[in-house]
>>> print(open('coords.pdb').read())   # PDB, C-alpha atoms and all ligand atoms
MODEL        1
ATOM      1  CA  MET A 867      98.219 121.561 102.753
ATOM      2  CA  SER A 868      95.260 119.705 104.160
ATOM      3  CA  THR A 869      95.462 117.094 106.868
ATOM      4  CA  LEU A 870      93.257 114.075 107.184
ATOM      5  CA  PRO A 871      92.493 112.290 110.391
ATOM      6  CA  HIS A 872      94.844 109.359 110.570
ATOM      7  CA  GLY A 873      93.694 105.790 110.470
ATOM      8  CA  GLY A 874      90.049 106.292 109.555
ATOM      9  CA  ALA A 875      90.248 104.771 106.144
ATOM     10  CA  VAL A 876      90.285 101.052 106.187
ATOM     11  CA  GLU A 877      86.922  99.742 107.201
ATOM     12  CA  LEU A 878      87.818  96.257 108.258
ATOM     13  CA  SER A 879      86.436  94.212 111.053
ATOM     14  CA  ILE A 880      89.879  93.012 112.134
ATOM     15  CA  ALA A 881      91.024  95.154 115.021
ATOM     16  CA  PRO A 882      94.804  95.446 114.698
ATOM     17  CA  ARG A 883      96.462  94.407 117.908
ATOM     18  CA  ALA A 884      98.948  96.838 119.388
ATOM     19  CA  ALA A 885     102.604  96.068 118.962
ATOM     20  CA  THR A 886     104.345  94.796 122.078
ATOM     21  CA  ASP A 887     107.834  93.979 123.254
ATOM     22  CA  ALA A 888     107.354  90.510 121.818
ATOM     23  CA  ASP A 889     107.796  92.236 118.482
ATOM     24  CA  ASP A 890     111.500  92.498 119.116
ATOM     25  CA  ASP A 891     112.798  89.790 116.869
ATOM     26  CA  GLY A 892     115.937  89.210 118.843
ATOM     27  CA  PRO A 893     119.522  90.286 118.382
ATOM     28  CA  ASP A 894     120.103  92.582 115.499
ATOM     29  CA  GLU A 895     121.934  90.472 112.977
ATOM     30  CA  LEU A 896     121.400  93.168 110.349
ATOM     31  CA  LEU A 897     123.669  95.766 111.838
ATOM     32  CA  GLY A 898     126.494  93.456 112.770
ATOM     33  CA  GLY A 899     129.543  94.627 110.891
ATOM     34  CA  SER A 900     131.142  91.380 109.757
ATOM     35  CA  GLY A 901     130.256  88.043 108.231
ATOM     36  CA  THR A 902     128.179  86.896 105.302
ATOM     37  CA  GLY A 903     124.779  88.494 104.834
ATOM     38  CA  PRO A 904     121.599  86.906 103.444
ATOM     39  CA  THR A 905     122.758  87.716  99.910
ATOM     40  CA  GLY A 906     125.571  85.199 100.423
ATOM     41  CA  ARG A 907     128.148  87.989 100.108
ATOM     42  CA  PRO A 908     130.127  89.715 102.823
ATOM     43  CA  ARG A 909     128.267  92.855 103.895
ATOM     44  CA  ARG A 910     129.709  96.085 102.584
ATOM     45  CA  HIS A 911     130.358  98.890 105.036
ATOM     46  CA  VAL A 912     127.527 101.434 105.111
ATOM     47  CA  PRO A 913     128.519 104.748 106.675
ATOM     48  CA  GLU A 914     126.307 106.405 109.304
ATOM     49  CA  PRO A 915     124.039 108.872 107.424
ATOM     50  CA  ALA A 916     125.216 112.463 107.817
ATOM     51  CA  LEU A 917     122.822 114.880 109.496
ATOM     52  CA  LEU A 918     121.333 117.479 107.157
ATOM     53  CA  ASP A 919     121.285 121.163 108.047
ATOM     54  CA  GLN A 920     119.201 122.025 105.000
ATOM     55  CA  HIS A 921     116.722 120.160 102.833
ATOM     56  CA  GLY A 922     116.226 119.515  99.114
ATOM     57  CA  PRO A 923     116.441 119.373  96.214
ATOM     58  CA  ALA A 924     114.919 115.917  96.360
ATOM     59  CA  ARG A 925     116.311 112.743  94.859
ATOM     60  CA  VAL A 926     113.416 111.118  93.019
ATOM     61  CA  LEU A 927     113.329 107.315  93.211
ATOM     62  CA  ALA A 928     110.877 105.253  91.167
ATOM     63  CA  MET A 929     109.833 102.033  92.933
ATOM     64  CA  CYS A 930     109.324  99.905  89.893
ATOM     65  CA  ASN A 931     108.532  96.350  88.779
ATOM     66  CA  GLN A 932     105.776  95.513  86.312
ATOM     67  CA  LYS A 933     104.977  92.389  88.328
ATOM     68  CA  GLY A 934     102.335  92.898  91.029
ATOM     69  CA  GLY A 935     102.692  91.762  94.635
ATOM     70  CA  VAL A 936     106.478  92.035  94.841
ATOM     71  CA  GLY A 937     106.576  94.631  97.623
ATOM     72  CA  LYS A 938     106.662  97.961  95.755
ATOM     73  CA  THR A 939     104.027  99.643  97.897
ATOM     74  CA  THR A 940     105.244  98.072 101.149
ATOM     75  CA  SER A 941     108.787  99.201 100.379
ATOM     76  CA  THR A 942     107.654 102.727  99.455
ATOM     77  CA  ILE A 943     105.873 103.210 102.796
ATOM     78  CA  ASN A 944     108.568 101.649 104.951
ATOM     79  CA  LEU A 945     111.636 103.026 103.205
ATOM     80  CA  GLY A 946     109.980 106.458 103.308
ATOM     81  CA  ALA A 947     109.268 106.185 107.038
ATOM     82  CA  ALA A 948     112.791 104.880 107.737
ATOM     83  CA  LEU A 949     114.333 107.797 105.810
ATOM     84  CA  THR A 950     112.482 110.253 108.083
ATOM     85  CA  GLU A 951     114.149 108.599 111.095
ATOM     86  CA  PHE A 952     117.451 109.779 109.604
ATOM     87  CA  GLY A 953     116.146 113.354 109.453
ATOM     88  CA  ARG A 954     115.127 113.232 105.792
ATOM     89  CA  ARG A 955     111.984 114.908 104.460
ATOM     90  CA  VAL A 956     110.036 112.543 102.259
ATOM     91  CA  LEU A 957     107.199 112.801  99.754
ATOM     92  CA  LEU A 958     105.496 109.563  98.745
ATOM     93  CA  VAL A 959     103.761 109.635  95.371
ATOM     94  CA  ASP A 960     100.962 107.140  94.830
ATOM     95  CA  PHE A 961     101.207 106.515  91.101
ATOM     96  CA  ASP A 962      98.969 103.457  90.980
ATOM     97  CA  PRO A 963      95.208 103.882  90.390
ATOM     98  CA  GLN A 964      94.665 101.093  92.941
ATOM     99  CA  GLY A 965      95.567 103.636  95.633
ATOM    100  CA  ALA A 966      97.168 100.969  97.869
ATOM    101  CA  LEU A 967      99.858 103.363  99.076
ATOM    102  CA  SER A 968      97.278 105.892 100.195
ATOM    103  CA  VAL A 969      95.142 103.224 101.899
ATOM    104  CA  GLY A 970      98.239 101.661 103.519
ATOM    105  CA  LEU A 971      98.801 105.010 105.240
ATOM    106  CA  GLY A 972      95.241 105.131 106.528
ATOM    107  CA  ILE A 973      94.032 107.679 103.975
ATOM    108  CA  PRO A 974      90.572 107.103 102.425
ATOM    109  CA  ALA A 975      91.731 107.751  98.876
ATOM    110  CA  HIS A 976      88.418 106.829  97.243
ATOM    111  CA  GLN A 977      86.721 109.705  99.093
ATOM    112  CA  LEU A 978      89.178 112.387  97.973
ATOM    113  CA  ASP A 979      87.980 115.027  95.496
ATOM    114  CA  ARG A 980      91.455 115.902  94.345
ATOM    115  CA  THR A 981      94.328 113.536  93.805
ATOM    116  CA  ILE A 982      97.469 113.328  91.708
ATOM    117  CA  TYR A 983      95.160 112.863  88.724
ATOM    118  CA  ASN A 984      93.915 116.461  88.988
ATOM    119  CA  VAL A 985      97.424 117.915  89.287
ATOM    120  CA  LEU A 986      98.574 115.900  86.273
ATOM    121  CA  ILE A 987      95.677 116.769  84.002
ATOM    122  CA  GLU A 988      94.242 120.118  85.175
ATOM    123  CA  ARG A 989      96.745 122.917  84.900
ATOM    124  CA  SER A 990      94.822 125.071  87.418
ATOM    125  CA  VAL A 991      95.269 122.630  90.308
ATOM    126  CA  ASP A 992      98.241 123.421  92.567
ATOM    127  CA  ILE A 993     100.149 120.411  93.906
ATOM    128  CA  HIS A 994     100.464 122.121  97.308
ATOM    129  CA  ASP A 995      96.682 121.850  97.702
ATOM    130  CA  VAL A 996      96.656 118.112  97.027
ATOM    131  CA  VAL A 997      99.640 116.900  99.093
ATOM    132  CA  LEU A 998      98.530 115.452 102.446
ATOM    133  CA  ARG A 999     100.372 114.984 105.718
ATOM    134  CA  THR A1000     100.623 111.384 106.886
ATOM    135  CA  GLY A1001     100.758 110.052 110.442
ATOM    136  CA  VAL A1002     104.561 109.989 110.096
ATOM    137  CA  GLU A1003     106.267 113.289 110.811
ATOM    138  CA  ASN A1004     108.099 114.748 107.779
ATOM    139  CA  MET A1005     106.461 112.243 105.417
ATOM    140  CA  ASP A1006     103.809 113.603 103.040
ATOM    141  CA  LEU A1007     101.686 111.887 100.416
ATOM    142  CA  LEU A1008     100.464 112.797  96.975
ATOM    143  CA  PRO A1009      97.439 110.477  96.970
ATOM    144  CA  SER A1010      95.814 108.628  94.127
ATOM    145  CA  ASN A1011      92.659 106.706  93.445
ATOM    146  CA  ILE A1012      90.890 105.086  90.518
ATOM    147  CA  ASP A1013      90.623 108.489  88.739
ATOM    148  CA  LEU A1014      94.293 108.064  87.786
ATOM    149  CA  SER A1015      93.403 105.212  85.433
ATOM    150  CA  ALA A1016      91.908 107.808  83.046
ATOM    151  CA  ALA A1017      95.156 109.795  82.960
ATOM    152  CA  GLU A1018      96.994 107.201  80.923
ATOM    153  CA  VAL A1019      94.495 107.623  78.064
ATOM    154  CA  GLN A1020      94.223 111.407  78.417
ATOM    155  CA  LEU A1021      97.979 111.943  78.429
ATOM    156  CA  VAL A1022      98.510 110.109  75.151
ATOM    157  CA  SER A1023      97.425 113.150  73.111
ATOM    158  CA  GLU A1024      99.437 115.680  75.224
ATOM    159  CA  VAL A1025     102.589 117.393  74.066
ATOM    160  CA  GLY A1026     105.440 116.152  76.266
ATOM    161  CA  ARG A1027     103.265 113.363  77.609
ATOM    162  CA  GLU A1028     106.221 111.480  79.146
ATOM    163  CA  HIS A1029     107.160 114.471  81.305
ATOM    164  CA  ALA A1030     103.784 115.152  82.925
ATOM    165  CA  LEU A1031     104.866 113.770  86.318
ATOM    166  CA  LEU A1032     108.129 115.729  86.277
ATOM    167  CA  ARG A1033     106.174 118.941  85.549
ATOM    168  CA  THR A1034     103.789 118.062  88.379
ATOM    169  CA  LEU A1035     106.518 117.443  90.958
ATOM    170  CA  ARG A1036     108.844 120.330  90.071
ATOM    171  CA  PRO A1037     107.236 122.946  92.386
ATOM    172  CA  VAL A1038     107.787 120.775  95.496
ATOM    173  CA  LEU A1039     111.183 119.178  94.827
ATOM    174  CA  ASP A1040     113.045 121.753  96.934
ATOM    175  CA  ALA A1041     110.938 120.953 100.003
ATOM    176  CA  TYR A1042     111.996 117.297 100.251
ATOM    177  CA  ASP A1043     115.130 115.174 100.359
ATOM    178  CA  TYR A1044     113.502 112.099  98.786
ATOM    179  CA  VAL A1045     110.480 111.614  96.574
ATOM    180  CA  LEU A1046     109.478 107.946  96.290
ATOM    181  CA  VAL A1047     107.146 107.115  93.403
ATOM    182  CA  ASP A1048     105.118 103.936  93.912
ATOM    183  CA  CYS A1049     104.545 102.665  90.347
ATOM    184  CA  GLN A1050     101.680 100.575  89.076
ATOM    185  CA  PRO A1051     102.380  97.012  87.908
ATOM    186  CA  SER A1052     102.820  97.802  84.206
ATOM    187  CA  LEU A1053     105.336  99.383  81.861
ATOM    188  CA  GLY A1054     102.761 101.776  80.385
ATOM    189  CA  LEU A1055     102.826 105.555  80.074
ATOM    190  CA  LEU A1056     102.438 106.232  83.797
ATOM    191  CA  THR A1057     105.493 104.123  84.606
ATOM    192  CA  VAL A1058     107.450 105.792  81.790
ATOM    193  CA  ASN A1059     106.496 109.128  83.395
ATOM    194  CA  ALA A1060     107.881 107.905  86.731
ATOM    195  CA  LEU A1061     111.135 106.832  85.058
ATOM    196  CA  ALA A1062     111.381 110.131  83.175
ATOM    197  CA  ALA A1063     111.025 112.056  86.462
ATOM    198  CA  ALA A1064     113.412 109.868  88.462
ATOM    199  CA  ASP A1065     117.076 110.077  89.359
ATOM    200  CA  GLY A1066     117.110 106.394  90.240
ATOM    201  CA  VAL A1067     115.033 103.220  90.094
ATOM    202  CA  LEU A1068     114.654 100.845  93.002
ATOM    203  CA  ILE A1069     113.492  97.409  91.863
ATOM    204  CA  PRO A1070     111.830  95.201  94.474
ATOM    205  CA  LEU A1071     112.275  91.586  93.421
ATOM    206  CA  GLU A1072     110.494  88.762  95.179
ATOM    207  CA  CYS A1073     112.578  85.669  95.983
ATOM    208  CA  GLU A1074     110.449  83.350  93.839
ATOM    209  CA  PHE A1075     111.338  81.216  90.870
ATOM    210  CA  PHE A1076     109.584  83.301  88.198
ATOM    211  CA  SER A1077     110.661  86.664  89.555
ATOM    212  CA  LEU A1078     113.631  86.997  87.233
ATOM    213  CA  ARG A1079     111.389  86.718  84.209
ATOM    214  CA  GLY A1080     110.344  90.171  83.181
ATOM    215  CA  VAL A1081     113.273  91.927  84.831
ATOM    216  CA  ALA A1082     115.119  91.947  81.487
ATOM    217  CA  LEU A1083     112.154  93.764  79.945
ATOM    218  CA  LEU A1084     112.121  96.259  82.824
ATOM    219  CA  ILE A1085     115.844  96.946  82.439
ATOM    220  CA  ASP A1086     115.347  97.335  78.691
ATOM    221  CA  THR A1087     112.641  99.950  79.359
ATOM    222  CA  ILE A1088     114.928 101.751  81.822
ATOM    223  CA  ASP A1089     117.696 101.802  79.164
ATOM    224  CA  LYS A1090     115.331 103.260  76.563
ATOM    225  CA  VAL A1091     114.084 105.958  78.938
ATOM    226  CA  ARG A1092     117.702 106.833  79.774
ATOM    227  CA  GLU A1093     118.611 107.116  76.062
ATOM    228  CA  ARG A1094     115.568 109.014  74.903
ATOM    229  CA  LEU A1095     114.110 110.968  77.824
ATOM    230  CA  ASN A1096     116.255 111.085  80.945
ATOM    231  CA  PRO A1097     120.062 110.664  80.636
ATOM    232  CA  LYS A1098     120.624 110.858  84.418
ATOM    233  CA  LEU A1099     118.465 107.799  85.187
ATOM    234  CA  GLU A1100     120.307 105.023  86.998
ATOM    235  CA  ILE A1101     119.386 101.806  88.788
ATOM    236  CA  THR A1102     119.789 102.662  92.452
ATOM    237  CA  GLY A1103     119.447  99.065  93.523
ATOM    238  CA  ILE A1104     117.625  95.764  93.441
ATOM    239  CA  LEU A1105     115.879  94.844  96.669
ATOM    240  CA  ALA A1106     115.232  91.178  97.364
ATOM    241  CA  THR A1107     111.862  90.842  99.124
ATOM    242  CA  MET A1108     109.753  87.987 100.537
ATOM    243  CA  PHE A1109     112.920  86.091 101.402
ATOM    244  CA  ASP A1110     112.502  82.977 103.510
ATOM    245  CA  PRO A1111     115.932  82.047 104.926
ATOM    246  CA  ARG A1112     114.664  78.566 105.911
ATOM    247  CA  THR A1113     113.973  77.408 102.363
ATOM    248  CA  LEU A1114     116.567  76.217  99.910
ATOM    249  CA  HIS A1115     114.370  77.672  97.163
ATOM    250  CA  SER A1116     114.680  81.236  98.513
ATOM    251  CA  ARG A1117     118.431  80.851  98.915
ATOM    252  CA  GLU A1118     118.790  79.508  95.369
ATOM    253  CA  VAL A1119     116.792  82.365  93.884
ATOM    254  CA  MET A1120     118.900  84.790  95.919
ATOM    255  CA  ALA A1121     122.098  83.265  94.530
ATOM    256  CA  ARG A1122     120.785  83.689  90.974
ATOM    257  CA  VAL A1123     119.791  87.307  91.615
ATOM    258  CA  VAL A1124     123.225  88.161  93.045
ATOM    259  CA  GLU A1125     124.919  86.340  90.172
ATOM    260  CA  ALA A1126     122.885  88.291  87.611
ATOM    261  CA  PHE A1127     122.929  91.763  89.181
ATOM    262  CA  LYS A1128     126.036  91.677  91.395
ATOM    263  CA  ASP A1129     126.709  94.880  93.364
ATOM    264  CA  THR A1130     123.400  96.437  92.299
ATOM    265  CA  VAL A1131     121.678  94.105  94.774
ATOM    266  CA  PHE A1132     121.266  95.751  98.184
ATOM    267  CA  ASP A1133     122.862  93.915 101.105
ATOM    268  CA  THR A1134     119.586  94.475 102.917
ATOM    269  CA  VAL A1135     117.075  91.713 102.257
ATOM    270  CA  ILE A1136     113.407  91.822 103.314
ATOM    271  CA  ASN A1137     112.184  88.573 104.841
ATOM    272  CA  ARG A1138     108.701  87.212 104.301
ATOM    273  CA  THR A1139     106.659  87.914 107.415
ATOM    274  CA  VAL A1140     102.997  88.371 108.265
ATOM    275  CA  ARG A1141     103.957  91.660 109.940
ATOM    276  CA  PHE A1142     103.672  93.489 106.600
ATOM    277  CA  PRO A1143     100.050  92.594 105.839
ATOM    278  CA  GLU A1144      99.302  93.539 109.476
ATOM    279  CA  THR A1145     100.711  97.021 109.009
ATOM    280  CA  THR A1146      98.393  97.579 106.034
ATOM    281  CA  VAL A1147      95.433  96.885 108.303
ATOM    282  CA  ALA A1148      96.911  99.223 110.912
ATOM    283  CA  GLY A1149      97.408 101.936 108.249
ATOM    284  CA  GLU A1150     100.948 102.755 109.326
ATOM    285  CA  PRO A1151     104.556 101.806 108.543
ATOM    286  CA  ILE A1152     106.212  98.877 110.295
ATOM    287  CA  THR A1153     108.794 101.296 111.717
ATOM    288  CA  THR A1154     106.096 102.771 113.990
ATOM    289  CA  TRP A1155     103.735  99.759 114.229
ATOM    290  CA  ALA A1156     106.422  97.299 115.370
ATOM    291  CA  PRO A1157     109.537  99.485 115.704
ATOM    292  CA  ARG A1158     111.776  96.720 117.030
ATOM    293  CA  SER A1159     110.728  94.015 114.589
ATOM    294  CA  ALA A1160     113.175  92.548 112.088
ATOM    295  CA  GLY A1161     111.115  94.129 109.284
ATOM    296  CA  ALA A1162     111.499  97.627 110.754
ATOM    297  CA  LYS A1163     115.225  97.086 111.252
ATOM    298  CA  ALA A1164     115.600  95.859 107.674
ATOM    299  CA  TYR A1165     113.946  98.959 106.202
ATOM    300  CA  ARG A1166     116.132 101.188 108.410
ATOM    301  CA  GLN A1167     119.192  99.380 107.065
ATOM    302  CA  LEU A1168     117.860  99.821 103.525
ATOM    303  CA  ALA A1169     117.450 103.559 104.197
ATOM    304  CA  ARG A1170     121.115 103.729 105.206
ATOM    305  CA  GLU A1171     122.128 101.970 101.987
ATOM    306  CA  VAL A1172     119.925 104.270  99.874
ATOM    307  CA  ILE A1173     121.404 107.381 101.518
ATOM    308  CA  ALA A1174     124.924 106.015 100.926
ATOM    309  CA  ARG A1175     124.351 105.238  97.192
TER     310      ARG A1175
HETATM  311  N1  LIG B   1     108.188  91.004 103.160
HETATM  312  C1  LIG B   1     106.898  90.659 103.078
HETATM  313  N2  LIG B   1     106.483  89.524 103.708
HETATM  314  C2  LIG B   1     105.177  89.154 103.629
HETATM  315  N3  LIG B   1     104.220  89.836 102.994
HETATM  316  C3  LIG B   1     104.581  90.959 102.352
HETATM  317  C4  LIG B   1     105.934  91.434 102.365
HETATM  318  N4  LIG B   1     105.982  92.586 101.641
HETATM  319  C5  LIG B   1     104.729  92.812 101.205
HETATM  320  N5  LIG B   1     103.891  91.849 101.626
HETATM  321  C6  LIG B   1     102.447  91.721 101.351
HETATM  322  O1  LIG B   1     102.320  91.264 100.017
HETATM  323  C7  LIG B   1     101.254  91.932  99.358
HETATM  324  C8  LIG B   1     101.798  92.668  98.146
HETATM  325  O2  LIG B   1     102.729  93.655  98.573
HETATM  326  P1  LIG B   1     102.756  95.102  97.910
HETATM  327  O3  LIG B   1     103.776  95.904  98.622
HETATM  328  O4  LIG B   1     101.380  95.674  97.845
HETATM  329  O5  LIG B   1     103.275  94.735  96.444
HETATM  330  P2  LIG B   1     103.157  95.566  95.072
HETATM  331  O6  LIG B   1     103.018  97.027  95.428
HETATM  332  O7  LIG B   1     104.443  95.271  94.369
HETATM  333  O8  LIG B   1     101.981  95.028  94.338
HETATM  334  C9  LIG B   1     100.638  92.844 100.404
HETATM  335  O9  LIG B   1      99.551  92.199 100.972
HETATM  336  C10 LIG B   1     101.730  93.048 101.416
HETATM  337  O10 LIG B   1     101.220  93.287 102.704
HETATM  338 MG    MG B   2     101.519  98.383  94.820
ENDMDL
END
>>> encode(input="coords.pdb", output="structure tokens")
Amino acid sequence: MSTLPHGGAVELSIAPRAATDADDDGPDELLGGSGTGPTGRPRRHVPEPALLDQHGPARVLAMCNQKGGVGKTTSTINLGAALTEFGRRVLLVDFDPQGALSVGLGIPAHQLDRTIYNVLIERSVDIHDVVLRTGVENMDLLPSNIDLSAAEVQLVSEVGREHALLRTLRPVLDAYDYVLVDCQPSLGLLTVNALAAADGVLIPLECEFFSLRGVALLIDTIDKVRERLNPKLEITGILATMFDPRTLHSREVMARVVEAFKDTVFDTVINRTVRFPETTVAGEPITTWAPRSAGAKAYRQLAREVIAR
């Protein structure tokens, strides 16, 4: 495995300011046991995650929504980092040619010679030689860059084209507890590959009026993949993101989401905050950039829910 210097990737003139104690967003309403949560429901009890004395085989979770800008990449980085705080070993898979996951972890993906594209397409390339360590202990990355956009076309003529990602990941599944696949915003062949390789799907859903449009199509695709390619596939949960508790609009959308998807909706809700764009500039997860912020606490609570499901 090769290691890249951390944080050298994003060439921006904005110097990220260091996190301070002011980042503590006050009393931790998220962990309080009783009362109604932001979903409008009473919070369900989430048990303390058990410690692991051995690792693997990994649960593969596809982070999926064909709409862009809903928090897939942000949730992949921060859920992954939060899972490591509970002693889990995590592999993040950048499965979007935009490479935002790689860049968000401070890795200069556009400069890499070998990425997930090479492991997918060239049989001679060993995944162990392409996986990178990140700045977060026990969290590795299978990086991607624009090369991956060619894979979709090249895979079409392959035998077993829907299972290319599963074949790629198989040699490393025993080394991790969770593999999180950050999908691109489409329901094309790459996303079908992610669903075919996954045990579960986590759907980030932004608390905006139009967000429910398109979810029916996504669920339809998940149903088809379950019927035809991957009988074990389930919806792990729907994660409400970009929630603004001060607006009636956000609360109304939340009520609709809970009405439509009921218990599938995580009790954890991710609020809209400028902290998340800041962490992208910093090239690290919010759990290390602003460990006491509400955003970090929310992703830790999400990790507990994911472990419990
Ligand atoms: N909870 C949030 N509050 C505010 N901004 C957010 C939040 N989550 C993500 N963002 C920002 O929104 C943009 C899109 O998020 P991203 O995770 O890249 O979405 P996707 O991967 O679904 O396209 C990014 O600039 C990100 O920093
Ligand atoms: Mg993304």
>>> residues_near_ligand(input="coords.pdb", ligand="ligand MG 2 (chain B)", cutoff="6 Å", atoms="all atoms listed in the file", output="list in words")
Lys938, Thr939 and Ala966 of chain A
>>> resolve_selection(input="coords.pdb", expression="the PyMOL selection byres (((not hetatm)) within 6 of (chain B and resi 1))", output="mmCIF file with C-alpha atoms, in the coordinates of the input")
data_model
loop_
_atom_site.group_PDB
_atom_site.id
_atom_site.type_symbol
_atom_site.label_atom_id
_atom_site.label_comp_id
_atom_site.auth_asym_id
_atom_site.auth_seq_id
_atom_site.Cartn_x
_atom_site.Cartn_y
_atom_site.Cartn_z
ATOM 1 C CA GLY A 934 102.335 92.898 91.029
ATOM 2 C CA GLY A 935 102.692 91.762 94.635
ATOM 3 C CA VAL A 936 106.478 92.035 94.841
ATOM 4 C CA GLY A 937 106.576 94.631 97.623
ATOM 5 C CA LYS A 938 106.662 97.961 95.755
ATOM 6 C CA THR A 939 104.027 99.643 97.897
ATOM 7 C CA THR A 940 105.244 98.072 101.149
ATOM 8 C CA THR A 1107 111.862 90.842 99.124
ATOM 9 C CA MET A 1108 109.753 87.987 100.537
ATOM 10 C CA ILE A 1136 113.407 91.822 103.314
ATOM 11 C CA ASN A 1137 112.184 88.573 104.841
ATOM 12 C CA ARG A 1138 108.701 87.212 104.301
ATOM 13 C CA THR A 1139 106.659 87.914 107.415
ATOM 14 C CA VAL A 1140 102.997 88.371 108.265
ATOM 15 C CA PHE A 1142 103.672 93.489 106.600
ATOM 16 C CA PRO A 1143 100.050 92.594 105.839
#
>>> closest_residue(input="coords.pdb", among="A:Met1120, A:Ala948, A:Glu1125, A:Ala1082", to="Gly1161 in chain A", atoms="all atoms listed in the file")
A:Ala948
>>> resolve_selection(input="coords.pdb", expression="the PyMOL selection byres (((chain A and resi 949-957) around 6) and not hetatm)", output="list in words")
Gly946, Ala947, Ala948, Leu958, Asn1004, Met1005, Asp1006, Leu1007, Tyr1042, Asp1043, Tyr1044, Val1045 and Ala1169 of chain A
>>> atom_distance(input="coords.pdb", atom1="CA of Leu927 in chain A", atom2="CA of Gly1080 in chain A")
20.1 Å
>>> closest_residue(input="coords.pdb", among="A:Thr1145, A:Ser1116, A:Thr1034, A:Gln1167", to="Gly906 in chain A", atoms="only C-alpha atoms")
A:Ser1116
>>> resolve_selection(input="coords.pdb", expression="the PyMOL selection byres (((chain A and resi 904) around 12) and not hetatm)", output="count of residues only")
34
>>> atom_distance(input="coords.pdb", atom1="CA of Arg1033 in chain A", atom2="CA of Gly1066 in chain A")
17.3 Å
>>> residues_around(input="coords.pdb", residues="Ser1015 in chain A", least_positions_apart="5", cutoff="9 Å", atoms="all atoms listed in the file", output="number ranges by chain")
A: 962-964, 983
>>> atom_distance(input="coords.pdb", atom1="CA of Ile1101 in chain A", atom2="CA of Ala924 in chain A")
16.6 Å
>>> closest_atom_pairs(input="coords.pdb", of="range 1038-1106 of chain A", to="range 1022-1031 of chain A", cutoff="7 Å", atoms="all atoms listed in the file", output="CSV")
residue,atom,partner,partner_atom,distance
A:Leu1055,CA,A:Glu1028,CA,6.9
A:Val1058,CA,A:Glu1028,CA,6.4
A:Asn1059,CA,A:Glu1028,CA,4.9
A:Ala1060,CA,A:Leu1031,CA,6.6
A:Ala1062,CA,A:His1029,CA,6.3
A:Ala1063,CA,A:Leu1031,CA,6.4
>>> write_last_selection(input="coords.pdb", atoms="C-alpha atoms", output="PDB file, in the coordinates of the input")
ATOM      1  CA  LEU A1055     102.826 105.555  80.074  1.00  0.00           C
ATOM      2  CA  VAL A1058     107.450 105.792  81.790  1.00  0.00           C
ATOM      3  CA  ASN A1059     106.496 109.128  83.395  1.00  0.00           C
ATOM      4  CA  ALA A1060     107.881 107.905  86.731  1.00  0.00           C
ATOM      5  CA  ALA A1062     111.381 110.131  83.175  1.00  0.00           C
ATOM      6  CA  ALA A1063     111.025 112.056  86.462  1.00  0.00           C
TER       7      ALA A1063
END
>>> residues_near_point(input="coords.pdb", point="(125.3, 104.2, 95.5)", cutoff="9 Å", atoms="all atoms listed in the file", output="short mmCIF file (atom, residue, chain, number, x, y, z; two decimals) with C-alpha atoms, in the coordinates of the input")
data_model
loop_
_atom_site.label_atom_id
_atom_site.label_comp_id
_atom_site.auth_asym_id
_atom_site.auth_seq_id
_atom_site.Cartn_x
_atom_site.Cartn_y
_atom_site.Cartn_z
CA THR A 1102 119.79 102.66 92.45
CA GLY A 1103 119.45 99.06 93.52
CA THR A 1130 123.40 96.44 92.30
CA GLU A 1171 122.13 101.97 101.99
CA VAL A 1172 119.92 104.27 99.87
CA ILE A 1173 121.40 107.38 101.52
CA ALA A 1174 124.92 106.02 100.93
CA ARG A 1175 124.35 105.24 97.19
#
>>> closest_residue(input="coords.pdb", among="A:Gly1149, A:Pro974, A:Gly965, A:Pro1097", to="Asp1048 in chain A", atoms="all atoms listed in the file")
A:Gly965
>>> closest_residue(input="coords.pdb", among="A:Ala975, A:Leu1083, A:Val985, A:Ala1126", to="Arg1036 in chain A", atoms="only C-alpha atoms")
A:Val985
>>> closest_residue(input="coords.pdb", among="A:Val926, A:Ala1160, A:Leu917, A:Ile987", to="Lys1098 in chain A", atoms="all atoms listed in the file")
A:Val926
>>> decode(input="coords.pdb", residues="range 1086-1092 of chain A", atoms="N, CA and C atoms", output="mmCIF file, in the first residue's frame")
data_model
loop_
_atom_site.group_PDB
_atom_site.id
_atom_site.type_symbol
_atom_site.label_atom_id
_atom_site.label_comp_id
_atom_site.auth_asym_id
_atom_site.auth_seq_id
_atom_site.Cartn_x
_atom_site.Cartn_y
_atom_site.Cartn_z
ATOM 1 N N ASP A 1086 -36.931 1.868 -7.320
ATOM 2 C CA ASP A 1086 -37.256 0.942 -8.390
ATOM 3 C C ASP A 1086 -35.979 0.242 -8.901
ATOM 4 N N THR A 1087 -34.916 1.035 -9.080
ATOM 5 C CA THR A 1087 -33.637 0.461 -9.522
ATOM 6 C C THR A 1087 -33.101 -0.518 -8.481
ATOM 7 N N ILE A 1088 -33.192 -0.144 -7.206
ATOM 8 C CA ILE A 1088 -32.728 -1.025 -6.130
ATOM 9 C C ILE A 1088 -33.520 -2.344 -6.164
ATOM 10 N N ASP A 1089 -34.840 -2.251 -6.370
ATOM 11 C CA ASP A 1089 -35.675 -3.463 -6.445
ATOM 12 C C ASP A 1089 -35.252 -4.366 -7.604
ATOM 13 N N LYS A 1090 -34.979 -3.744 -8.758
ATOM 14 C CA LYS A 1090 -34.563 -4.539 -9.922
ATOM 15 C C LYS A 1090 -33.223 -5.217 -9.680
ATOM 16 N N VAL A 1091 -32.281 -4.480 -9.081
ATOM 17 C CA VAL A 1091 -30.967 -5.081 -8.808
ATOM 18 C C VAL A 1091 -31.127 -6.236 -7.817
ATOM 19 N N ARG A 1092 -32.018 -6.066 -6.829
ATOM 20 C CA ARG A 1092 -32.237 -7.141 -5.859
ATOM 21 C C ARG A 1092 -32.812 -8.383 -6.555
#
